[in-house]
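Data block for input39.cif (mmCIF, C-alpha atoms):
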data_my_file
loop_
_atom_site.label_atom_id
_atom_site.label_comp_id
_atom_site.auth_asym_id
_atom_site.auth_seq_id
_atom_site.Cartn_x
_atom_site.Cartn_y
_atom_site.Cartn_z
CA MET A 173 6.38 -147.35 22.91
CA ILE A 174 7.44 -147.21 26.56
CA GLU A 175 5.70 -145.44 29.44
CA PHE A 176 7.46 -144.48 32.66
CA ASP A 177 7.66 -142.00 35.54
CA ALA A 178 9.57 -138.76 35.02
CA ALA A 179 10.03 -135.59 37.07
CA ILE A 180 8.60 -132.88 34.80
CA LEU A 181 9.11 -129.16 35.41
CA PRO A 182 5.86 -127.58 34.17
CA ALA A 183 6.94 -123.94 34.52
CA VAL A 184 9.60 -121.73 36.10
CA LYS A 185 9.55 -121.62 39.92
CA LYS A 186 7.09 -124.52 40.12
CA PRO A 187 7.74 -127.84 41.88
CA LEU A 188 8.64 -130.78 39.68
CA GLU A 189 5.73 -133.15 39.07
CA ILE A 190 6.03 -136.93 38.79
CA ARG A 191 4.11 -137.73 35.62
CA ARG A 192 3.66 -140.70 33.33
CA THR A 193 5.77 -139.95 30.28
CA ARG A 194 6.11 -141.70 26.93
CA ILE A 195 8.75 -142.47 24.38
CA ASP A 196 6.91 -143.67 21.28
CA LYS A 197 9.93 -144.77 19.27
CA ILE A 198 13.69 -144.54 19.07
CA GLU A 199 15.50 -143.35 15.94
CA ARG A 200 18.52 -144.89 14.22
CA ASP A 201 21.17 -143.16 16.40
CA ASP A 202 19.23 -143.36 19.67
CA VAL A 203 20.09 -145.29 22.82
CA LEU A 204 17.33 -146.03 25.33
CA VAL A 205 18.74 -146.10 28.86
CA ARG A 206 17.00 -147.43 31.95
CA ILE A 207 18.19 -144.78 34.43
CA MET A 208 19.38 -146.25 37.71
CA ALA A 209 20.83 -143.10 39.30
CA SER A 210 20.75 -139.37 38.56
CA GLY A 211 22.65 -136.62 40.34
CA LEU A 212 21.10 -133.25 41.20
CA CYS A 213 23.23 -130.44 39.80
CA HIS A 214 23.00 -126.70 40.44
CA THR A 215 22.41 -126.16 36.71
CA ASP A 216 19.08 -127.98 37.12
CA LEU A 217 18.16 -125.52 39.85
CA GLU A 218 19.04 -122.59 37.60
CA VAL A 219 16.39 -123.81 35.15
CA ILE A 220 13.85 -124.23 37.95
CA GLU A 221 14.51 -120.71 39.24
CA GLY A 222 14.49 -119.17 35.76
CA SER A 223 18.06 -117.87 35.59
CA LEU A 224 18.76 -120.35 32.78
CA ALA A 225 16.01 -120.25 30.16
CA TYR A 226 14.65 -123.46 28.62
CA PRO A 227 11.31 -124.32 27.04
CA MET A 228 8.70 -125.94 29.26
CA PRO A 229 7.55 -128.53 30.15
CA ILE A 230 10.92 -130.22 30.51
CA VAL A 231 12.51 -133.25 32.17
CA LEU A 232 15.68 -132.06 33.90
CA GLY A 233 18.76 -134.07 34.82
CA HIS A 234 22.07 -134.40 32.99
CA GLU A 235 24.12 -136.58 35.37
CA GLY A 236 22.69 -140.05 34.79
CA ALA A 237 23.83 -143.65 34.71
CA GLY A 238 21.98 -146.83 33.86
CA VAL A 239 21.60 -149.87 31.64
CA VAL A 240 21.11 -149.83 27.89
CA GLU A 241 17.62 -151.14 27.16
CA ALA A 242 17.49 -150.78 23.38
CA VAL A 243 19.44 -149.18 20.53
CA GLY A 244 18.67 -147.79 17.09
CA ASP A 245 19.76 -149.44 13.85
CA ALA A 246 22.84 -147.20 13.45
CA VAL A 247 24.22 -147.68 16.97
CA THR A 248 27.47 -149.65 17.17
CA ASP A 249 29.20 -148.33 20.33
CA VAL A 250 26.88 -149.91 22.90
CA ARG A 251 24.35 -152.73 23.05
CA PRO A 252 21.51 -153.79 25.38
CA GLY A 253 22.79 -154.74 28.80
CA ASP A 254 25.78 -152.39 28.77
CA HIS A 255 26.24 -150.11 31.77
CA VAL A 256 26.58 -146.52 30.64
CA VAL A 257 27.10 -142.99 31.92
CA CYS A 258 25.25 -140.31 29.98
CA SER A 259 27.20 -137.37 28.60
CA TRP A 260 25.42 -134.01 28.46
CA ASN A 261 27.66 -133.01 25.54
CA PRO A 262 27.03 -135.55 22.78
CA HIS A 263 28.49 -134.41 19.50
CA CYS A 264 28.07 -135.11 15.82
CA GLY A 265 31.77 -135.64 15.07
CA HIS A 266 31.84 -133.83 11.73
CA CYS A 267 30.73 -130.19 12.12
CA PHE A 268 33.06 -127.15 12.05
CA TYR A 269 33.94 -127.46 15.75
CA CYS A 270 34.05 -131.24 16.02
CA GLU A 271 36.57 -131.31 13.17
CA ARG A 272 38.68 -128.83 15.17
CA ASP A 273 38.63 -131.08 18.24
CA GLN A 274 36.20 -128.83 20.14
CA PRO A 275 33.20 -131.14 20.68
CA ILE A 276 31.90 -128.95 23.50
CA LEU A 277 30.98 -126.47 20.74
CA CYS A 278 29.41 -129.06 18.40
CA GLU A 279 27.01 -127.12 16.20
CA PRO A 280 24.02 -129.51 16.30
CA PHE A 281 24.44 -129.62 20.08
CA THR A 282 24.69 -125.85 20.59
CA TRP A 283 21.78 -125.23 18.23
CA HIS A 284 19.27 -127.87 19.35
CA GLN A 285 20.15 -128.41 23.03
CA PRO A 286 18.88 -124.99 24.27
CA ARG A 287 15.61 -125.67 22.45
CA GLY A 288 15.05 -128.84 24.45
CA HIS A 289 15.74 -131.21 21.56
CA LEU A 290 18.10 -134.04 20.70
CA LEU A 291 20.77 -133.54 18.06
CA ASP A 292 18.29 -134.08 15.21
CA GLY A 293 16.12 -131.18 16.38
CA GLN A 294 13.33 -133.38 17.72
CA SER A 295 11.98 -134.50 21.08
CA ARG A 296 11.19 -138.11 21.88
CA LEU A 297 9.22 -137.34 25.06
CA SER A 298 5.51 -136.72 25.53
CA CYS A 299 3.00 -136.56 28.36
CA GLU A 300 -0.74 -136.75 27.74
CA SER A 301 -0.09 -136.21 24.01
CA ALA A 302 1.85 -132.96 24.66
CA THR A 303 5.54 -132.65 23.76
CA VAL A 304 7.97 -132.66 26.69
CA HIS A 305 11.43 -131.15 26.21
CA HIS A 306 14.82 -132.74 26.87
CA PHE A 307 17.43 -131.09 29.07
CA SER A 308 21.08 -131.12 27.98
CA VAL A 309 20.27 -134.02 25.65
CA VAL A 310 19.91 -136.33 28.69
CA SER A 311 16.83 -135.73 30.94
CA SER A 312 17.93 -138.27 33.55
CA HIS A 313 15.48 -137.38 36.33
CA ALA A 314 13.27 -140.17 35.08
CA GLN A 315 13.10 -143.94 34.89
CA TYR A 316 14.17 -143.88 31.23
CA ALA A 317 16.12 -141.52 28.99
CA VAL A 318 16.82 -141.55 25.29
CA VAL A 319 20.19 -140.14 24.24
CA PRO A 320 22.31 -140.07 21.06
CA GLN A 321 24.92 -142.77 20.62
CA SER A 322 27.71 -140.31 21.45
CA GLY A 323 25.93 -139.55 24.74
CA ALA A 324 25.92 -143.13 26.07
CA ILE A 325 29.39 -144.06 27.31
CA ARG A 326 30.06 -147.63 28.40
CA VAL A 327 31.75 -148.04 31.81
CA PRO A 328 32.80 -151.12 33.83
CA VAL A 329 29.88 -153.00 35.39
CA GLU A 330 31.74 -153.06 38.71
CA ILE A 331 31.13 -149.37 39.46
CA PRO A 332 27.82 -148.78 41.31
CA PHE A 333 25.32 -146.64 39.42
CA ASP A 334 25.02 -144.00 42.16
CA ARG A 335 28.77 -143.42 41.95
CA ALA A 336 28.95 -143.76 38.17
CA CYS A 337 26.35 -141.05 37.50
CA LEU A 338 28.55 -138.43 39.17
CA ILE A 339 31.16 -138.92 36.47
CA GLY A 340 28.77 -137.46 33.89
CA CYS A 341 29.03 -133.85 35.08
CA GLY A 342 30.66 -132.68 38.32
CA VAL A 343 33.49 -135.20 38.43
CA MET A 344 34.38 -134.84 34.75
CA THR A 345 34.28 -131.06 34.94
CA GLY A 346 36.48 -130.74 38.00
CA VAL A 347 38.95 -133.56 37.49
CA GLY A 348 39.11 -132.88 33.77
CA ALA A 349 39.91 -129.20 34.32
CA ALA A 350 42.99 -130.13 36.34
CA VAL A 351 44.14 -133.21 34.42
CA ARG A 352 43.00 -132.62 30.83
CA LEU A 353 42.38 -128.93 30.33
CA ALA A 354 45.08 -127.10 32.31
CA PRO A 355 46.87 -129.52 32.61
CA VAL A 356 48.43 -129.23 36.06
CA GLU A 357 52.12 -130.13 36.04
CA ALA A 358 53.70 -132.33 38.69
CA GLY A 359 54.78 -130.13 41.59
CA ALA A 360 52.70 -127.10 40.49
CA SER A 361 50.86 -124.96 43.01
CA VAL A 362 47.06 -125.01 42.73
CA ALA A 363 44.28 -122.94 44.29
CA VAL A 364 40.60 -123.91 44.02
CA ILE A 365 37.89 -121.34 44.77
CA GLY A 366 34.63 -122.94 45.91
CA CYS A 367 34.49 -126.43 47.39
CA GLY A 368 31.22 -127.78 46.07
CA ALA A 369 31.08 -130.82 43.79
CA VAL A 370 33.10 -129.29 40.94
CA GLY A 371 35.67 -127.67 43.22
CA LEU A 372 36.26 -130.81 45.24
CA ASN A 373 36.84 -132.71 42.04
CA ALA A 374 39.28 -130.07 40.81
CA LEU A 375 41.18 -130.67 44.05
CA GLN A 376 41.38 -134.41 43.52
CA GLY A 377 42.23 -133.83 39.87
CA ALA A 378 45.20 -131.77 41.03
CA ARG A 379 46.24 -134.65 43.26
CA LEU A 380 45.91 -137.12 40.38
CA ALA A 381 48.27 -134.82 38.46
CA ASN A 382 50.78 -134.90 41.34
CA ALA A 383 50.46 -131.20 42.14
CA GLY A 384 52.61 -129.60 44.81
CA THR A 385 50.90 -127.18 47.21
CA VAL A 386 47.08 -127.35 46.89
CA ILE A 387 44.99 -124.60 48.50
CA ALA A 388 41.21 -124.80 48.96
CA ILE A 389 39.24 -121.55 49.32
CA ASP A 390 35.71 -121.56 50.71
CA ARG A 391 33.72 -119.46 53.17
CA ALA A 392 32.24 -122.49 54.94
CA LYS A 393 34.44 -124.20 57.52
CA GLY A 394 32.70 -127.52 56.90
CA ARG A 395 33.59 -127.44 53.21
CA GLN A 396 37.14 -126.41 54.06
CA ASN A 397 37.42 -129.51 56.23
CA LEU A 398 35.95 -131.69 53.49
CA SER A 399 38.40 -130.25 50.98
CA ARG A 400 41.26 -131.85 52.90
CA VAL A 401 39.68 -135.25 52.28
CA PHE A 402 39.86 -134.49 48.54
CA GLY A 403 43.48 -133.38 48.54
CA ALA A 404 43.84 -129.85 49.88
CA ASP A 405 46.98 -129.11 51.89
CA LEU A 406 45.82 -125.68 53.10
CA THR A 407 42.44 -124.00 53.54
CA VAL A 408 41.34 -120.38 53.75
CA GLY A 409 38.35 -118.19 52.99
CA GLU A 410 36.35 -117.56 56.14
CA PRO A 411 35.11 -113.98 56.67
CA GLY A 412 38.04 -111.78 57.61
CA ASP A 413 40.69 -113.93 55.94
CA ASP A 414 43.09 -112.15 53.58
CA VAL A 415 42.96 -114.78 50.85
CA VAL A 416 45.29 -112.99 48.45
CA ALA A 417 48.00 -112.60 51.08
CA PHE A 418 47.54 -116.21 52.23
CA VAL A 419 47.92 -117.64 48.73
CA LYS A 420 50.97 -115.54 47.97
CA GLN A 421 52.52 -116.45 51.32
CA HIS A 422 52.40 -120.13 50.37
CA THR A 423 53.45 -119.75 46.73
CA GLY A 424 56.74 -117.89 47.01
CA GLY A 425 55.04 -114.49 46.88
CA ARG A 426 53.97 -114.97 43.26
CA GLY A 427 50.50 -116.54 43.38
CA ALA A 428 49.34 -120.00 42.31
CA ASP A 429 50.46 -121.62 39.06
CA HIS A 430 46.88 -122.79 38.41
CA VAL A 431 43.65 -121.37 39.81
CA PHE A 432 40.27 -123.02 39.32
CA GLU A 433 37.20 -120.89 40.08
CA ALA A 434 34.29 -123.21 40.94
CA ALA A 435 32.18 -120.97 43.17
CA GLY A 436 30.26 -119.34 40.35
CA SER A 437 30.28 -115.78 41.64
CA ALA A 438 31.57 -112.42 40.49
CA ASP A 439 33.66 -112.22 43.66
CA GLY A 440 35.15 -115.63 42.90
CA PHE A 441 36.08 -114.62 39.36
CA ARG A 442 37.77 -111.44 40.61
CA LEU A 443 39.60 -113.32 43.35
CA GLY A 444 40.90 -115.83 40.82
CA ALA A 445 42.50 -113.07 38.77
CA GLU A 446 44.20 -111.68 41.89
CA ILE A 447 45.72 -114.96 43.13
CA VAL A 448 47.00 -116.54 39.91
CA ARG A 449 50.67 -115.75 39.37
CA PRO A 450 52.00 -113.82 36.37
CA GLY A 451 52.24 -116.33 33.55
CA GLY A 452 49.85 -118.66 35.37
CA HIS A 453 46.58 -120.22 34.24
CA LEU A 454 43.14 -119.22 35.55
CA VAL A 455 40.21 -121.49 34.69
CA PHE A 456 36.63 -120.36 35.21
CA LEU A 457 34.43 -123.39 35.93
CA GLY A 458 31.64 -121.60 37.77
CA LYS A 459 29.10 -119.35 36.11
CA VAL A 460 26.70 -116.50 36.80
CA ASN A 461 23.61 -115.40 34.89
CA VAL A 462 24.58 -114.99 31.22
CA GLY A 463 23.40 -111.37 31.25
CA GLN A 464 25.38 -110.36 34.33
CA ASP A 465 28.42 -108.09 34.02
CA VAL A 466 31.58 -109.02 35.92
CA ALA A 467 34.24 -106.34 36.56
CA PHE A 468 37.97 -106.90 37.12
CA ARG A 469 40.84 -104.76 38.31
CA TRP A 470 42.76 -104.35 35.07
CA GLY A 471 46.13 -104.83 36.75
CA ALA A 472 45.00 -108.27 37.93
CA LEU A 473 44.66 -109.38 34.31
CA MET A 474 48.15 -108.28 33.32
CA GLY A 475 51.34 -110.32 33.52
CA GLU A 476 50.75 -112.73 30.63
CA LYS A 477 48.10 -114.63 32.55
CA LYS A 478 46.13 -117.21 30.62
CA ILE A 479 42.36 -117.26 31.27
CA THR A 480 40.09 -120.09 30.10
CA ARG A 481 36.38 -120.64 30.53
CA SER A 482 35.45 -124.34 30.59
CA SER A 483 32.07 -126.03 30.90
CA TYR A 484 33.21 -129.66 30.87
CA GLY A 485 36.88 -129.80 31.82
CA GLY A 486 38.17 -130.63 28.35
CA ALA A 487 36.03 -133.77 28.32
CA ARG A 488 36.33 -136.50 25.74
CA PRO A 489 33.68 -138.73 27.32
CA LYS A 490 34.49 -141.91 25.40
CA ARG A 491 38.10 -141.60 26.60
CA ASP A 492 37.53 -140.07 30.03
CA PHE A 493 34.45 -141.73 31.55
CA PRO A 494 35.93 -145.25 31.55
CA TRP A 495 39.22 -143.83 32.85
CA LEU A 496 37.47 -142.08 35.74
CA ALA A 497 35.51 -145.23 36.55
CA ARG A 498 38.74 -147.22 36.66
CA CYS A 499 40.35 -144.59 38.90
CA TYR A 500 37.48 -145.06 41.35
CA LEU A 501 37.67 -148.84 41.23
CA GLU A 502 41.43 -148.67 41.83
CA GLY A 503 41.00 -146.38 44.85
CA LYS A 504 42.51 -143.32 43.18
CA LEU A 505 39.30 -141.27 42.92
CA LYS A 506 36.82 -140.46 45.68
CA LEU A 507 33.14 -140.69 44.73
CA ASP A 508 31.44 -142.12 47.83
CA GLU A 509 32.37 -139.02 49.81
CA LEU A 510 30.56 -136.73 47.34
CA ILE A 511 27.13 -138.25 48.01
CA THR A 512 25.17 -136.49 50.71
CA ALA A 513 21.79 -138.17 50.21
CA ARG A 514 20.01 -140.75 48.07
CA LEU A 515 16.33 -140.10 47.37
CA PRO A 516 13.56 -141.78 45.38
CA LEU A 517 12.21 -139.90 42.37
CA GLN A 518 9.10 -138.94 44.34
CA ARG A 519 11.24 -136.86 46.72
CA ILE A 520 13.21 -134.96 44.10
CA ASN A 521 11.82 -131.60 45.24
CA ASP A 522 13.22 -132.28 48.73
CA GLY A 523 16.65 -132.63 47.12
CA PHE A 524 16.36 -129.27 45.36
CA ASP A 525 15.11 -127.64 48.57
CA ALA A 526 18.27 -128.84 50.32
CA MET A 527 20.34 -127.43 47.45
CA ARG A 528 18.65 -124.04 47.88
CA ARG A 529 19.68 -124.10 51.54
CA GLY A 530 23.27 -124.86 50.57
CA GLU A 531 23.20 -128.27 52.20
CA GLY A 532 25.34 -131.16 51.07
CA ILE A 533 27.44 -131.82 48.01
CA ARG A 534 25.49 -134.23 45.77
CA THR A 535 22.03 -135.71 46.16
CA VAL A 536 21.47 -138.76 43.97
CA ILE A 537 18.00 -139.73 42.75
CA LEU A 538 17.24 -143.46 42.47
CA PRO A 539 14.28 -143.56 40.07
CA TRP A 540 13.34 -147.19 40.72
CA ASN A 541 13.27 -146.99 44.54
#
If you took the structure in this file and wrote it as structure tokens, what would it be?
Amino acid sequence: MIEFDAAILPAVKKPLEIRRTRIDKIERDDVLVRIMASGLCHTDLEVIEGSLAYPMPIVLGHEGAGVVEAVGDAVTDVRPGDHVVCSWNPHCGHCFYCERDQPILCEPFTWHQPRGHLLDGQSRLSCESATVHHFSVVSSHAQYAVVPQSGAIRVPVEIPFDRACLIGCGVMTGVGAAVRLAPVEAGASVAVIGCGAVGLNALQGARLANAGTVIAIDRAKGRQNLSRVFGADLTVGEPGDDVVAFVKQHTGGRGADHVFEAAGSADGFRLGAEIVRPGGHLVFLGKVNVGQDVAFRWGALMGEKKITRSSYGGARPKRDFPWLARCYLEGKLKLDELITARLPLQRINDGFDAMRRGEGIRTVILPWN
């Protein structure tokens, strides 16, 4: 049994509470991770605000990094002392979708994860004898997390934890979309809609893929300026800008070869369909409420355009997390510039308040500070 501090969401639209939480035992496939850093993601806020339904109480957080403290009897991939990044999409490896190389759709994951459980359908967390639910099979806004073996990915010890944790969600999603999922061809034109954490990483993924013209689209001038740090050649999107005309002007009149929507808005989805060229590839990375309708101009969908919705950028965490860590250590991937603030666990609500105000890119929680 281990007892530790965790940020528990007791109910929708309530502040997170720092409570003493317990893990009574770990099972055969479990990995106990001492969490050293955890990024705040907008998906966490969706649960807090109630637009993404999960059972309560729950420990949020799905972008964590730390040190392996203990492992179950069946664990062979990691051992105590290893530095790991947690994956929010652990997978069983043998279900219908895993056998078809679609681990993002792993059946134990898609069945148990929305119910706040690990892949075996159980929770390991409790507070004052009451069950506490897991979020995205990670729950990293805490001093400890217990994850399945396939959710603990070893990375080089040289990468700092506050940088490493970002790999687990926003970096993988954005970079992976450009490098793994699309993939962007050398010299291809790319447009990215929305320059938050995922969009900025899609930009640097395009650069890693040796893209040609890269266009960043965002309403905020500050984020447009930041997008140039992450690889954008051109920026557009302020009120009054004709974004469609601008993109076509800089792509031979056709539209972009690849468009990545990372704003998560109906307007962004529609814009993506308008600016991708005939025969091009449009990837939806952002999301709106699952019950919301989104309308398109039918003509914008014509022309043999390929449209893909992706939640994790084609991630294969065991392959991709160490690769991304090495890219950072070799100076090919920017992570320092994504971090806006570092806060102790006790100030986690301040981080979400800043997110509500649209401030910053990534706040990282340091649970042991």
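Among the candidates A:Val304, A:Cys270, A:Ile331, A:Val460, the one nearest to Arg488 (chain A) when counting only C-alpha atoms is A:Cys270.
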So that I can see what lies close to Ala513 (chain A), please list as a PDB file with C-alpha atoms, in the coordinates of the input the residues with an atom at most 8 Å from it, counting all atoms listed in the file and leaving out residues fewer than 6 positions away in the same chain.
ATOM      1  CA  GLY A 532      25.340-131.160  51.070  1.00  0.00           C
ATOM      2  CA  ARG A 534      25.490-134.230  45.770  1.00  0.00           C
ATOM      3  CA  THR A 535      22.030-135.710  46.160  1.00  0.00           C
ATOM      4  CA  VAL A 536      21.470-138.760  43.970  1.00  0.00           C
TER       5      VAL A 536
END
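Using all atoms listed in the file, the contacts of Gly244 (chain A) at a cut-off of 8 Å, with sequence neighbours closer than 5 positions omitted, comprise Ile198, Glu199, Arg200, Asp201, Asp202 and Val203 of chain A.
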Checklist line | Pick from A:Phe281, A:Trp495, A:Phe307, A:Phe268, whichever lies nearest to Val327 (chain A) using all atoms listed in the file | finding: A:Trp495
Check: Can you tell me, as a PyMOL selection string, what residues are no more than 12 Å from His266 (chain A) when counting all atoms listed in the file, ignoring any on the same chain fewer than 3 positions away?
Finding: chain A and resi 263+269-275+277-281
Check: Counting all atoms listed in the file, which of A:Cys213, A:Ile389, A:Leu204, A:Leu224 gets nearest to Ala324 (chain A)?
Finding: A:Leu204
Margin query: Excluding region 344-347 of chain A and its own-chain neighbours fewer than 6 positions away, which residues fall within 9 Å of it when counting all atoms listed in the file? Please give them as a ChimeraX atom specification.
Written below: /A:338,369-378,380,432,434,457,482-487,489,492-493,496
Next item on the list: Quick one: everything within 9 Å of region 356-362 of chain A, counting all atoms listed in the file, minus sequence neighbours fewer than 4 positions away in the same chain. Send it as a ChimeraX atom specification.
Entry: /A:349-352,375,377-378,381-388,422-423,427-432,448
Check: So what does the PyMOL selection byres ((chain A and resi 246-261) around 8) actually pick up in this one, as a VMD selection string?
Finding: chain A and resid 200 to 203 234 to 245 262 to 263 275 to 276 281 308 to 310 319 321 to 329 336 to 337 339 to 341 489 493
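With distances restricted to only C-alpha atoms, A:Arg449 is the closest residue to Met474 (chain A) from A:Arg442, A:Arg296, A:Arg449, A:His214.
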Margin query: As a check of understanding, name the residues that the PyMOL selection byres ((chain A and resi 524) around 10) selects in the supplied structure, as a PyMOL selection string.
Written below: chain A and resi 187-188+212-214+216-217+220+519-523+525-531+535
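Counting only C-alpha atoms and comparing A:Ile537, A:Leu517, A:Ala363, A:Leu473, the residue that lies closest to Ala179 (chain A) is A:Leu517.
Residue nearest Asp196 (chain A), chosen from A:Arg395, A:Ser298, A:Ala209, A:Pro516 and counting all atoms listed in the file: A:Ser298.
Atom to atom, CA of Ala178 (chain A) and CA of Thr193 (chain A) stand 6.2 Å apart.
Coordinates place CA of Lys459 (chain A) at a distance of 17.4 Å from CA of Thr282 (chain A).
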Checklist line | Atomic separation - CA of Leu510 (chain A) relative to CA of Gly440 (chain A), Å | finding: 22.0 Å
Using only C-alpha atoms, collect all residues at a distance of at most 12 Å from (13.7, -122.2, 36.9) as written in the file, then present them as a compact mmCIF listing (two decimals) with C-alpha atoms, in the coordinates of the input.
# COMPACT_ATOMS: atom_id res chain seq x y z
CA LEU A 181 9.11 -129.16 35.41
CA PRO A 182 5.86 -127.58 34.17
CA ALA A 183 6.94 -123.94 34.52
CA VAL A 184 9.60 -121.73 36.10
CA LYS A 185 9.55 -121.62 39.92
CA LYS A 186 7.09 -124.52 40.12
CA PRO A 187 7.74 -127.84 41.88
CA LEU A 188 8.64 -130.78 39.68
CA HIS A 214 23.00 -126.70 40.44
CA THR A 215 22.41 -126.16 36.71
CA ASP A 216 19.08 -127.98 37.12
CA LEU A 217 18.16 -125.52 39.85
CA GLU A 218 19.04 -122.59 37.60
CA VAL A 219 16.39 -123.81 35.15
CA ILE A 220 13.85 -124.23 37.95
CA GLU A 221 14.51 -120.71 39.24
CA GLY A 222 14.49 -119.17 35.76
CA SER A 223 18.06 -117.87 35.59
CA LEU A 224 18.76 -120.35 32.78
CA ALA A 225 16.01 -120.25 30.16
CA TYR A 226 14.65 -123.46 28.62
CA PRO A 227 11.31 -124.32 27.04
CA MET A 228 8.70 -125.94 29.26
CA PRO A 229 7.55 -128.53 30.15
CA ILE A 230 10.92 -130.22 30.51
CA LEU A 232 15.68 -132.06 33.90
CA PHE A 524 16.36 -129.27 45.36
